[in-house]
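Have a look at target-v2.pdb; it's PDB, C-alpha atoms and all ligand atoms:
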```pdb
ATOM      1  CA  MET A 637      -9.586 -71.504-162.261
ATOM      2  CA  THR A 638     -10.361 -68.156-163.935
ATOM      3  CA  ARG A 639      -9.361 -65.187-161.794
ATOM      4  CA  SER A 640     -10.859 -61.761-162.106
ATOM      5  CA  ILE A 641      -8.542 -58.921-162.989
ATOM      6  CA  THR A 642      -8.271 -56.442-160.106
ATOM      7  CA  SER A 643      -6.004 -53.541-159.139
ATOM      8  CA  GLY A 644      -3.668 -56.137-157.608
ATOM      9  CA  THR A 645      -3.212 -58.099-160.839
ATOM     10  CA  ARG A 646       0.366 -58.055-162.191
ATOM     11  CA  LEU A 647       0.917 -57.098-165.807
ATOM     12  CA  LEU A 648       3.355 -59.260-167.775
ATOM     13  CA  VAL A 649       4.010 -58.515-171.432
ATOM     14  CA  VAL A 650       6.010 -59.616-174.428
ATOM     15  CA  LEU A 651       7.564 -56.649-176.212
ATOM     16  CA  GLY A 652       8.654 -57.031-179.824
ATOM     17  CA  ASP A 653       8.041 -55.966-183.403
ATOM     18  CA  PRO A 654       6.335 -57.849-184.925
ATOM     19  CA  VAL A 655       4.761 -59.598-181.959
ATOM     20  CA  GLU A 656       1.316 -60.657-183.119
ATOM     21  CA  HIS A 657       2.466 -64.211-183.930
ATOM     22  CA  SER A 658       3.991 -64.749-180.479
ATOM     23  CA  LEU A 659       2.775 -67.896-178.730
ATOM     24  CA  SER A 660       3.928 -66.594-175.325
ATOM     25  CA  PRO A 661       0.527 -65.107-174.277
ATOM     26  CA  VAL A 662      -1.172 -68.481-174.748
ATOM     27  CA  VAL A 663       1.577 -70.401-172.952
ATOM     28  CA  GLN A 664       2.038 -67.967-170.049
ATOM     29  CA  ASN A 665      -1.670 -67.291-169.430
ATOM     30  CA  ALA A 666      -2.195 -71.073-169.309
ATOM     31  CA  ALA A 667       0.594 -71.280-166.714
ATOM     32  CA  PHE A 668      -0.955 -68.427-164.701
ATOM     33  CA  ARG A 669      -4.350 -70.178-164.716
ATOM     34  CA  GLU A 670      -2.828 -73.528-163.791
ATOM     35  CA  THR A 671      -0.941 -72.129-160.795
ATOM     36  CA  GLY A 672      -3.544 -69.512-159.780
ATOM     37  CA  VAL A 673      -1.021 -66.636-159.724
ATOM     38  CA  ASP A 674      -2.620 -63.197-160.064
ATOM     39  CA  GLY A 675      -1.244 -62.012-163.395
ATOM     40  CA  VAL A 676      -2.216 -61.326-166.968
ATOM     41  CA  TYR A 677       0.117 -61.630-169.960
ATOM     42  CA  LEU A 678      -0.264 -59.496-173.106
ATOM     43  CA  ALA A 679       1.667 -58.990-176.363
ATOM     44  CA  LEU A 680       2.598 -55.363-177.131
ATOM     45  CA  THR A 681       4.108 -54.094-180.365
ATOM     46  CA  CYS A 682       6.994 -51.909-179.298
ATOM     47  CA  SER A 683       9.498 -49.733-181.183
ATOM     48  CA  GLU A 684      13.130 -49.492-180.106
ATOM     49  CA  LYS A 685      12.476 -45.927-178.977
ATOM     50  CA  ASP A 686       9.613 -47.011-176.703
ATOM     51  CA  LEU A 687      11.421 -50.048-175.259
ATOM     52  CA  PRO A 688      13.215 -48.375-172.297
ATOM     53  CA  GLY A 689       9.988 -46.641-171.219
ATOM     54  CA  PHE A 690       7.916 -49.816-171.414
ATOM     55  CA  ILE A 691      10.459 -51.951-169.563
ATOM     56  CA  GLY A 692      11.151 -49.392-166.819
ATOM     57  CA  GLY A 693       7.498 -48.399-166.333
ATOM     58  CA  ILE A 694       6.060 -51.915-166.278
ATOM     59  CA  ALA A 695       8.811 -53.291-163.993
ATOM     60  CA  ARG A 696       8.528 -50.378-161.524
ATOM     61  CA  ALA A 697       4.732 -50.887-161.470
ATOM     62  CA  GLY A 698       5.395 -54.424-160.183
ATOM     63  CA  GLY A 699       5.116 -56.224-163.512
ATOM     64  CA  GLY A 700       7.575 -57.698-165.947
ATOM     65  CA  GLY A 701       7.769 -59.570-169.179
ATOM     66  CA  ASN A 702       9.667 -60.934-172.119
ATOM     67  CA  VAL A 703      11.488 -59.163-174.905
ATOM     68  CA  THR A 704      11.671 -60.701-178.347
ATOM     69  CA  LEU A 705      13.088 -59.822-181.776
ATOM     70  CA  PRO A 706      14.469 -57.325-182.580
ATOM     71  CA  HIS A 707      14.965 -55.856-179.102
ATOM     72  CA  LYS A 708      16.835 -58.426-176.986
ATOM     73  CA  GLU A 709      20.176 -56.586-177.228
ATOM     74  CA  LYS A 710      18.702 -53.139-176.597
ATOM     75  CA  ALA A 711      16.843 -54.563-173.576
ATOM     76  CA  ALA A 712      20.161 -55.680-172.067
ATOM     77  CA  SER A 713      21.278 -52.037-172.034
ATOM     78  CA  VAL A 714      18.334 -50.683-170.023
ATOM     79  CA  LEU A 715      18.513 -52.982-166.973
ATOM     80  CA  ASP A 716      19.596 -51.939-163.472
ATOM     81  CA  ILE A 717      20.577 -55.486-162.496
ATOM     82  CA  SER A 718      21.671 -57.996-165.160
ATOM     83  CA  SER A 719      22.017 -61.736-164.674
ATOM     84  CA  GLU A 720      25.270 -63.439-165.630
ATOM     85  CA  ALA A 721      23.495 -64.818-168.724
ATOM     86  CA  VAL A 722      22.676 -61.262-169.858
ATOM     87  CA  LEU A 723      26.229 -60.079-169.258
ATOM     88  CA  ARG A 724      27.744 -62.999-171.157
ATOM     89  CA  THR A 725      25.342 -63.039-174.133
ATOM     90  CA  GLY A 726      24.663 -59.286-174.322
ATOM     91  CA  ALA A 727      20.942 -60.053-174.650
ATOM     92  CA  CYS A 728      17.919 -59.942-172.327
ATOM     93  CA  ASN A 729      14.620 -61.729-172.971
ATOM     94  CA  THR A 730      13.062 -61.516-169.479
ATOM     95  CA  PHE A 731      12.644 -58.561-167.097
ATOM     96  CA  TRP A 732      10.908 -57.805-163.799
ATOM     97  CA  GLY A 733      10.996 -55.219-161.027
ATOM     98  CA  VAL A 734      12.234 -55.498-157.444
ATOM     99  CA  ASP A 735      12.226 -52.487-155.099
ATOM    100  CA  GLY A 736      12.133 -50.027-157.982
ATOM    101  CA  LYS A 737      15.033 -51.670-159.833
ATOM    102  CA  VAL A 738      14.726 -53.421-163.196
ATOM    103  CA  HIS A 739      16.179 -56.950-163.203
ATOM    104  CA  GLY A 740      16.844 -58.919-166.382
ATOM    105  CA  ASP A 741      17.830 -62.405-167.471
ATOM    106  CA  ASN A 742      18.364 -64.287-170.723
ATOM    107  CA  THR A 743      16.334 -67.452-170.176
ATOM    108  CA  ASP A 744      17.291 -68.784-173.634
ATOM    109  CA  VAL A 745      20.498 -69.971-171.936
ATOM    110  CA  ASP A 746      18.829 -72.165-169.307
ATOM    111  CA  GLY A 747      15.982 -72.960-171.716
ATOM    112  CA  PHE A 748      18.478 -74.398-174.201
ATOM    113  CA  GLY A 749      20.315 -76.294-171.457
ATOM    114  CA  ARG A 750      17.156 -77.848-170.017
ATOM    115  CA  ALA A 751      15.844 -78.812-173.477
ATOM    116  CA  LEU A 752      19.189 -80.389-174.384
ATOM    117  CA  MET A 753      19.305 -82.321-171.087
ATOM    118  CA  SER A 754      15.832 -83.644-171.669
ATOM    119  CA  PHE A 755      16.695 -84.646-175.262
ATOM    120  CA  LEU A 756      20.001 -86.354-174.429
ATOM    121  CA  GLY A 757      18.975 -87.702-171.034
ATOM    122  CA  HIS A 758      22.232 -86.340-169.549
ATOM    123  CA  ALA A 759      24.495 -83.266-169.688
ATOM    124  CA  PRO A 760      26.701 -82.857-172.801
ATOM    125  CA  LYS A 761      29.909 -82.884-170.718
ATOM    126  CA  GLY A 762      32.938 -83.739-172.858
ATOM    127  CA  PHE A 763      30.980 -83.464-176.149
ATOM    128  CA  ARG A 764      32.440 -82.228-179.427
ATOM    129  CA  VAL A 765      29.762 -79.913-180.801
ATOM    130  CA  LEU A 766      29.166 -78.251-184.170
ATOM    131  CA  VAL A 767      27.115 -75.040-183.761
ATOM    132  CA  LEU A 768      25.588 -73.597-186.942
ATOM    133  CA  GLY A 769      24.789 -69.859-186.787
ATOM    134  CA  ALA A 770      26.114 -66.930-184.801
ATOM    135  CA  GLY A 771      23.058 -64.828-183.926
ATOM    136  CA  GLY A 772      21.309 -64.376-180.587
ATOM    137  CA  ALA A 773      20.218 -67.999-180.255
ATOM    138  CA  ALA A 774      23.785 -69.165-180.953
ATOM    139  CA  ARG A 775      25.133 -66.982-178.147
ATOM    140  CA  ALA A 776      22.670 -68.527-175.683
ATOM    141  CA  ALA A 777      23.540 -72.045-176.868
ATOM    142  CA  LEU A 778      27.290 -71.371-176.615
ATOM    143  CA  VAL A 779      27.071 -70.091-173.031
ATOM    144  CA  SER A 780      25.011 -73.119-172.032
ATOM    145  CA  LEU A 781      27.337 -75.605-173.787
ATOM    146  CA  LEU A 782      30.470 -74.062-172.269
ATOM    147  CA  ASP A 783      28.897 -74.156-168.803
ATOM    148  CA  ALA A 784      28.099 -77.824-169.392
ATOM    149  CA  GLU A 785      31.849 -78.402-169.978
ATOM    150  CA  VAL A 786      31.743 -79.621-173.562
ATOM    151  CA  SER A 787      35.237 -80.389-174.816
ATOM    152  CA  ALA A 788      35.175 -78.405-178.093
ATOM    153  CA  ILE A 789      32.826 -76.268-180.160
ATOM    154  CA  PHE A 790      33.172 -75.699-183.914
ATOM    155  CA  LEU A 791      31.230 -72.573-184.958
ATOM    156  CA  LEU A 792      30.077 -72.249-188.580
ATOM    157  CA  ASN A 793      28.153 -69.207-189.809
ATOM    158  CA  ARG A 794      27.367 -67.679-193.207
ATOM    159  CA  THR A 795      28.985 -64.408-192.074
ATOM    160  CA  VAL A 796      32.377 -65.470-190.748
ATOM    161  CA  ASP A 797      33.127 -62.124-189.066
ATOM    162  CA  ARG A 798      29.994 -62.478-186.966
ATOM    163  CA  ALA A 799      31.121 -65.933-185.836
ATOM    164  CA  ARG A 800      34.527 -64.498-184.933
ATOM    165  CA  ALA A 801      32.915 -61.708-182.896
ATOM    166  CA  VAL A 802      30.700 -64.210-181.040
ATOM    167  CA  SER A 803      33.648 -66.480-180.404
ATOM    168  CA  ARG A 804      35.704 -63.585-178.998
ATOM    169  CA  ARG A 805      32.839 -62.505-176.749
ATOM    170  CA  ILE A 806      31.837 -65.895-175.394
ATOM    171  CA  GLY A 807      34.080 -68.589-176.648
ATOM    172  CA  GLY A 808      37.409 -68.609-175.009
ATOM    173  CA  GLU A 809      39.729 -71.326-176.220
ATOM    174  CA  LYS A 810      37.127 -74.011-176.735
ATOM    175  CA  VAL A 811      35.367 -72.315-179.670
ATOM    176  CA  ARG A 812      36.938 -72.701-183.093
ATOM    177  CA  VAL A 813      35.482 -70.648-185.950
ATOM    178  CA  VAL A 814      35.073 -72.630-189.147
ATOM    179  CA  GLU A 815      35.155 -70.528-192.301
ATOM    180  CA  ARG A 816      33.586 -72.959-194.787
ATOM    181  CA  ALA A 817      31.406 -76.061-194.490
ATOM    182  CA  GLN A 818      34.117 -78.065-196.278
ATOM    183  CA  GLU A 819      36.318 -77.654-193.205
ATOM    184  CA  VAL A 820      34.060 -79.940-191.163
ATOM    185  CA  GLU A 821      34.049 -82.648-193.840
ATOM    186  CA  GLY A 822      35.015 -86.004-192.338
ATOM    187  CA  LEU A 823      34.899 -84.708-188.769
ATOM    188  CA  ASP A 824      33.190 -86.454-185.900
ATOM    189  CA  PHE A 825      30.686 -84.657-183.629
ATOM    190  CA  ASP A 826      28.648 -85.839-180.674
ATOM    191  CA  LEU A 827      26.092 -83.106-181.310
ATOM    192  CA  VAL A 828      25.143 -80.698-184.124
ATOM    193  CA  VAL A 829      23.025 -77.657-183.151
ATOM    194  CA  ASN A 830      21.252 -75.521-185.733
ATOM    195  CA  THR A 831      20.733 -71.974-184.457
ATOM    196  CA  THR A 832      20.284 -70.395-187.913
ATOM    197  CA  ARG A 833      16.888 -69.408-189.281
ATOM    198  CA  LEU A 834      17.189 -72.002-192.045
ATOM    199  CA  GLY A 835      14.119 -74.207-191.963
ATOM    200  CA  LEU A 836      11.655 -71.429-191.190
ATOM    201  CA  SER A 837      10.743 -71.197-194.908
ATOM    202  CA  ALA A 838       9.825 -74.262-196.916
ATOM    203  CA  ASP A 839      12.362 -73.470-199.681
ATOM    204  CA  ASP A 840      15.357 -72.947-197.330
ATOM    205  CA  PRO A 841      18.421 -75.123-197.921
ATOM    206  CA  LEU A 842      19.585 -77.312-195.018
ATOM    207  CA  PRO A 843      22.007 -75.503-192.673
ATOM    208  CA  VAL A 844      24.678 -78.157-193.314
ATOM    209  CA  ASP A 845      24.916 -81.431-195.218
ATOM    210  CA  LEU A 846      25.102 -83.979-192.391
ATOM    211  CA  GLY A 847      26.429 -86.488-194.905
ATOM    212  CA  LEU A 848      29.693 -84.470-194.983
ATOM    213  CA  LEU A 849      30.456 -85.447-191.399
ATOM    214  CA  SER A 850      31.993 -88.746-190.466
ATOM    215  CA  ARG A 851      29.574 -88.901-187.521
ATOM    216  CA  ALA A 852      26.849 -86.804-185.884
ATOM    217  CA  GLY A 853      25.732 -88.428-182.623
ATOM    218  CA  ALA A 854      22.641 -86.236-182.266
ATOM    219  CA  VAL A 855      21.053 -83.167-183.857
ATOM    220  CA  MET A 856      19.210 -80.344-182.156
ATOM    221  CA  ASP A 857      17.410 -77.807-184.355
ATOM    222  CA  LEU A 858      16.249 -74.604-182.606
ATOM    223  CA  VAL A 859      13.762 -73.998-185.412
ATOM    224  CA  TYR A 860      10.292 -75.410-184.726
ATOM    225  CA  GLY A 861       6.880 -75.627-186.344
ATOM    226  CA  PRO A 862       3.774 -77.784-186.461
ATOM    227  CA  GLU A 863       5.663 -80.442-188.470
ATOM    228  CA  ALA A 864       9.139 -81.914-187.980
ATOM    229  CA  THR A 865      11.658 -79.396-189.402
ATOM    230  CA  PRO A 866      13.568 -80.242-192.622
ATOM    231  CA  PHE A 867      16.840 -80.538-190.634
ATOM    232  CA  VAL A 868      15.266 -82.950-188.132
ATOM    233  CA  ARG A 869      13.864 -85.002-191.025
ATOM    234  CA  ALA A 870      17.250 -85.026-192.789
ATOM    235  CA  ALA A 871      18.970 -86.209-189.594
ATOM    236  CA  GLU A 872      16.424 -88.943-188.946
ATOM    237  CA  ALA A 873      16.735 -90.137-192.546
ATOM    238  CA  LEU A 874      20.423 -90.781-191.776
ATOM    239  CA  GLY A 875      19.529 -92.613-188.558
ATOM    240  CA  ILE A 876      20.618 -89.712-186.330
ATOM    241  CA  ARG A 877      18.336 -88.919-183.404
ATOM    242  CA  ALA A 878      17.080 -85.363-183.587
ATOM    243  CA  ALA A 879      14.885 -82.835-181.782
ATOM    244  CA  ASP A 880      13.417 -79.490-182.862
ATOM    245  CA  GLY A 881      13.207 -76.204-180.903
ATOM    246  CA  LEU A 882       9.848 -76.764-179.290
ATOM    247  CA  GLU A 883      11.136 -77.975-175.948
ATOM    248  CA  MET A 884      13.511 -74.995-175.755
ATOM    249  CA  LEU A 885      10.558 -72.686-176.431
ATOM    250  CA  ILE A 886       8.663 -74.242-173.513
ATOM    251  CA  GLN A 887      11.682 -74.336-171.213
ATOM    252  CA  GLN A 888      12.774 -70.721-171.760
ATOM    253  CA  GLY A 889       9.181 -69.699-170.974
ATOM    254  CA  ALA A 890       9.238 -71.872-167.869
ATOM    255  CA  VAL A 891      12.416 -70.186-166.621
ATOM    256  CA  SER A 892      10.829 -66.745-167.244
ATOM    257  CA  PHE A 893       7.779 -67.835-165.208
ATOM    258  CA  GLU A 894      10.109 -68.858-162.377
ATOM    259  CA  ARG A 895      11.854 -65.455-162.430
ATOM    260  CA  TRP A 896       8.544 -63.556-162.162
ATOM    261  CA  TRP A 897       6.762 -65.766-159.654
ATOM    262  CA  ASP A 898       9.605 -67.413-157.740
ATOM    263  CA  ARG A 899       7.992 -70.837-157.956
ATOM    264  CA  PRO A 900       8.243 -73.843-160.298
ATOM    265  CA  ALA A 901       6.534 -73.488-163.667
ATOM    266  CA  PRO A 902       3.713 -75.864-164.656
ATOM    267  CA  VAL A 903       5.616 -77.192-167.660
ATOM    268  CA  GLU A 904       3.010 -79.806-168.653
ATOM    269  CA  ALA A 905       0.211 -77.195-168.725
ATOM    270  CA  MET A 906       2.435 -74.936-170.847
ATOM    271  CA  ARG A 907       3.150 -77.787-173.290
ATOM    272  CA  GLY A 908      -0.557 -78.631-173.488
ATOM    273  CA  ALA A 909      -1.502 -74.998-174.247
ATOM    274  CA  LEU A 910       1.068 -74.811-177.023
ATOM    275  CA  ARG A 911      -0.131 -78.082-178.519
ATOM    276  CA  ARG A 912      -3.732 -76.852-178.562
ATOM    277  CA  VAL A 913      -3.063 -73.501-180.278
ATOM    278  CA  ALA A 914      -0.272 -74.396-182.635
ATOM    279  CA  GLY A 915      -1.395 -77.877-183.584
ATOM    280  CA  ILE A 916       2.013 -79.044-182.397
TER     281      ILE A 916
HETATM  282  P1  LIG B   1      19.402 -63.912-185.518
HETATM  283  O1  LIG B   1      20.111 -63.298-184.376
HETATM  284  O2  LIG B   1      18.746 -63.054-186.539
HETATM  285  O3  LIG B   1      20.453 -64.911-186.255
HETATM  286  C1  LIG B   1      20.078 -65.563-187.440
HETATM  287  C2  LIG B   1      21.140 -66.608-187.804
HETATM  288  O4  LIG B   1      20.679 -67.303-188.989
HETATM  289  C3  LIG B   1      22.490 -66.008-188.175
HETATM  290  O5  LIG B   1      23.511 -66.908-187.835
HETATM  291  C4  LIG B   1      22.376 -65.874-189.700
HETATM  292  O6  LIG B   1      23.613 -65.851-190.358
HETATM  293  C5  LIG B   1      21.657 -67.167-190.025
HETATM  294  N1  LIG B   1      20.989 -67.088-191.317
HETATM  295  C6  LIG B   1      19.899 -66.351-191.632
HETATM  296  N2  LIG B   1      19.590 -66.533-192.927
HETATM  297  C7  LIG B   1      20.519 -67.395-193.431
HETATM  298  C8  LIG B   1      20.741 -67.967-194.723
HETATM  299  N3  LIG B   1      19.928 -67.687-195.758
HETATM  300  N4  LIG B   1      21.776 -68.825-194.888
HETATM  301  C9  LIG B   1      22.592 -69.122-193.837
HETATM  302  N5  LIG B   1      22.438 -68.599-192.594
HETATM  303  C10 LIG B   1      21.410 -67.747-192.406
HETATM  304  O7  LIG B   1      18.237 -64.895-185.005
HETATM  305  P2  LIG B   1      18.214 -65.735-183.628
HETATM  306  O8  LIG B   1      17.487 -64.980-182.591
HETATM  307  O9  LIG B   1      19.579 -66.230-183.352
HETATM  308  O10 LIG B   1      17.251 -66.944-184.057
HETATM  309  C11 LIG B   1      17.710 -67.935-184.950
HETATM  310  C12 LIG B   1      16.716 -69.080-185.022
HETATM  311  O11 LIG B   1      16.598 -69.707-183.753
HETATM  312  C13 LIG B   1      15.302 -68.662-185.421
HETATM  313  O12 LIG B   1      14.775 -69.636-186.278
HETATM  314  C14 LIG B   1      14.537 -68.660-184.123
HETATM  315  O13 LIG B   1      13.155 -68.954-184.295
HETATM  316  C15 LIG B   1      15.227 -69.799-183.392
HETATM  317  N6  LIG B   1      15.109 -69.656-181.930
HETATM  318  C16 LIG B   1      14.417 -70.621-181.284
HETATM  319  C17 LIG B   1      14.269 -70.535-179.920
HETATM  320  C18 LIG B   1      13.502 -71.601-179.219
HETATM  321  O14 LIG B   1      13.067 -71.384-178.083
HETATM  322  N7  LIG B   1      13.343 -72.748-179.846
HETATM  323  C19 LIG B   1      14.828 -69.459-179.191
HETATM  324  C20 LIG B   1      15.550 -68.485-179.892
HETATM  325  C21 LIG B   1      15.672 -68.599-181.284
HETATM  326  P3  LIG B   1      24.338 -64.439-190.685
HETATM  327  O15 LIG B   1      25.058 -64.047-189.425
HETATM  328  O16 LIG B   1      25.246 -64.779-191.806
HETATM  329  O17 LIG B   1      23.259 -63.461-191.072
END
```
Rendering of file as structure tokens:
Amino acid sequence: MTRSITSGTRLLVVLGDPVEHSLSPVVQNAAFRETGVDGVYLALTCSEKDLPGFIGGIARAGGGGNVTLPHKEKAASVLDISSEAVLRTGACNTFWGVDGKVHGDNTDVDGFGRALMSFLGHAPKGFRVLVLGAGGAARAALVSLLDAEVSAIFLLNRTVDRARAVSRRIGGEKVRVVERAQEVEGLDFDLVVNTTRLGLSADDPLPVDLGLLSRAGAVMDLVYGPEATPFVRAAEALGIRAADGLEMLIQQGAVSFERWWDRPAPVEAMRGALRRVAGI
């Protein structure tokens, strides 16, 4: 059903820079149409200086939205009420207004957890996990994995100090920072998660040589694209089951929808919209 836009229509946005390649408007507007909620979702290019004004103004006007690169950390600092996921990761990707206050969440945490559940068919409780990367996506993955009661996490990042800082912030005793890839040689993991950007460009190296490990039970790559990512292909060539970041993309958007509208997201309609526009 196509709704007309009226003075009662809620404005939802994605704020970022650059933002023109964001797939969120297609996915969220499809979800709005499917459920009949009275909202419209737009992408706005936004500088760091403008971010607090946009977030505060839109939320207090009854709207909300997402925040994407490079503003997720700055967004966490302008909220009135932060979810536990925001407090633990230091990043916010979803905001909305309630009674004049700006609420925020980091739905990458639940998005990662739901995507991993759907890939594995069960929670990763007790797993030994190798996490590659220590940026924003890694922080969301670490919080989700720790909440799922994995037994140990090895954290490997190009910049070791960044991995140490992330481990101090989130890790507790279960996260061990690995300084060089050689240190994981011969080790056994139930799951390997790539949260680096490697794989976005065709000439990127693989984030780790899976052949170094004595075992990788499964591989989850947060990178995604129209084709299987190089890391997913490398895993499958070794007989390791693997998934890319597409389901996490859908699931973090679904959790955002639930925060704004307080009802279940139409996940199938969101998947279908993404498939149509991105050829995925
Ligand atoms: P970020 O904060 O900028 O972190 C980038 C990470 O990639 C860092 O660990 C960085 O290492 C590493 N890296 C970058 N270039 C590298 C290179 N040449 N060699 C080795 N490591 C390199 O970015 P992010 O927000 O965490 O996003 C990371 C990836 O996850 C992106 O591909 C993004 O699209 C994806 N992601 C997917 C979803 C989803 O829904 N599927 C959600 C969020 C993010 P250093 O610390 O050494 O720079």
Exercise for review: Quote the spacing between atom CA of A:Leu827 and atom CA of A:Arg750 in Å to one decimal place.
Suggested key: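 Taking atom CA of A:Leu827 as the start and atom CA of A:Arg750 as the end point, the length is 15.3 Å.
By all atoms listed in the file, and with residues fewer than 5 positions from stretch 662-673 of chain A along its chain excluded, the set lying at most 8 Å from it is Met637, Thr638, Arg639, Gly889, Phe893, Trp897, Ala901, Pro902, Val903, Ala905, Met906, Arg907, Ala909, Leu910 and Val913 of chain A.
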Writer output for current selection, C-alpha atoms, as a PDB file, in the coordinates of the input:
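Resulting contents of again34.pdb:
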```pdb
ATOM      1  CA  MET A 637      -9.586 -71.504-162.261  1.00  0.00           C
ATOM      2  CA  THR A 638     -10.361 -68.156-163.935  1.00  0.00           C
ATOM      3  CA  ARG A 639      -9.361 -65.187-161.794  1.00  0.00           C
ATOM      4  CA  GLY A 889       9.181 -69.699-170.974  1.00  0.00           C
ATOM      5  CA  PHE A 893       7.779 -67.835-165.208  1.00  0.00           C
ATOM      6  CA  TRP A 897       6.762 -65.766-159.654  1.00  0.00           C
ATOM      7  CA  ALA A 901       6.534 -73.488-163.667  1.00  0.00           C
ATOM      8  CA  PRO A 902       3.713 -75.864-164.656  1.00  0.00           C
ATOM      9  CA  VAL A 903       5.616 -77.192-167.660  1.00  0.00           C
ATOM     10  CA  ALA A 905       0.211 -77.195-168.725  1.00  0.00           C
ATOM     11  CA  MET A 906       2.435 -74.936-170.847  1.00  0.00           C
ATOM     12  CA  ARG A 907       3.150 -77.787-173.290  1.00  0.00           C
ATOM     13  CA  ALA A 909      -1.502 -74.998-174.247  1.00  0.00           C
ATOM     14  CA  LEU A 910       1.068 -74.811-177.023  1.00  0.00           C
ATOM     15  CA  VAL A 913      -3.063 -73.501-180.278  1.00  0.00           C
TER      16      VAL A 913
END
```
Review point. Please, what distance in Å, to one decimal, runs between atom CA of A:Leu648 and atom CA of A:Asp880?
Key: 27.2 Å
Mind giving me the axis-aligned box for ligand LIG 1 (chain B) with 8 Å on every side, centre plus edges in Å to one decimal, as lines of an AutoDock Vina configuration file?
```
center_x = 19.2
center_y = -67.9
center_z = -186.9
size_x = 28.2
size_y = 25.7
size_z = 33.7
```
Check your understanding: Counting only C-alpha atoms, which residues come within 9 Å of (17.3, -81.4, -188.9), with the point read in the file's coordinates, and could you list them as an MDAnalysis selection string?
Key -> chainID A and resid 829:830 835 842:843 846 855:857 859 864:872 878:880
Check your understanding: Which one of A:Arg899, A:His739, A:Arg794, A:His707 sits closest to ligand LIG 1 (chain B) if you count only C-alpha atoms and all ligand atoms?
Key -> A:Arg794
Check your understanding: Using only C-alpha atoms and all ligand atoms, which of A:Ala788, A:Ala854, A:Val703, A:Leu848 sits nearest ligand LIG 1 (chain B)?
Key ->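 When distances to ligand LIG 1 (chain B) are compared using only C-alpha atoms and all ligand atoms, the smallest one comes from A:Val703.
Taken over the shown file, the PyMOL selection byres (((not hetatm)) within 7 of (chain B and resi 1)) identifies Leu705, Asp744, Gly769, Ala770, Gly771, Gly772, Ala773, Ala774, Asn793, Arg794, Thr795, Arg798, Thr831, Thr832, Arg833, Leu834, Leu836, Pro843, Leu858, Val859, Tyr860, Gly881, Leu882, Glu883, Met884, Leu885, Ile886 and Gln888 of chain A.
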Check your understanding: Can you tell me, as a ChimeraX atom specification, what residues are no more than 7 Å from A:Glu785 when counting all atoms listed in the file, ignoring any on the same chain fewer than 2 positions away?
Key -> /A:761-762,781-783,787
Point to revise | Shell around stretch 714-731 of chain A at 10 Å using all atoms listed in the file, local window under 3 positions removed, as a PyMOL selection string | key: chain A and resi 648-651+687-689+691-692+694-695+699-705+707-711+734+736-746+772-780+802+805-806+888-889+891-893+895-896
Check your understanding: How would you write, as a PyMOL selection string, the residues chosen by the PyMOL selection byres (((chain A and resi 765) around 7) and not hetatm) on this structure?
Key -> chain A and resi 763-764+766-767+788-790+825-828
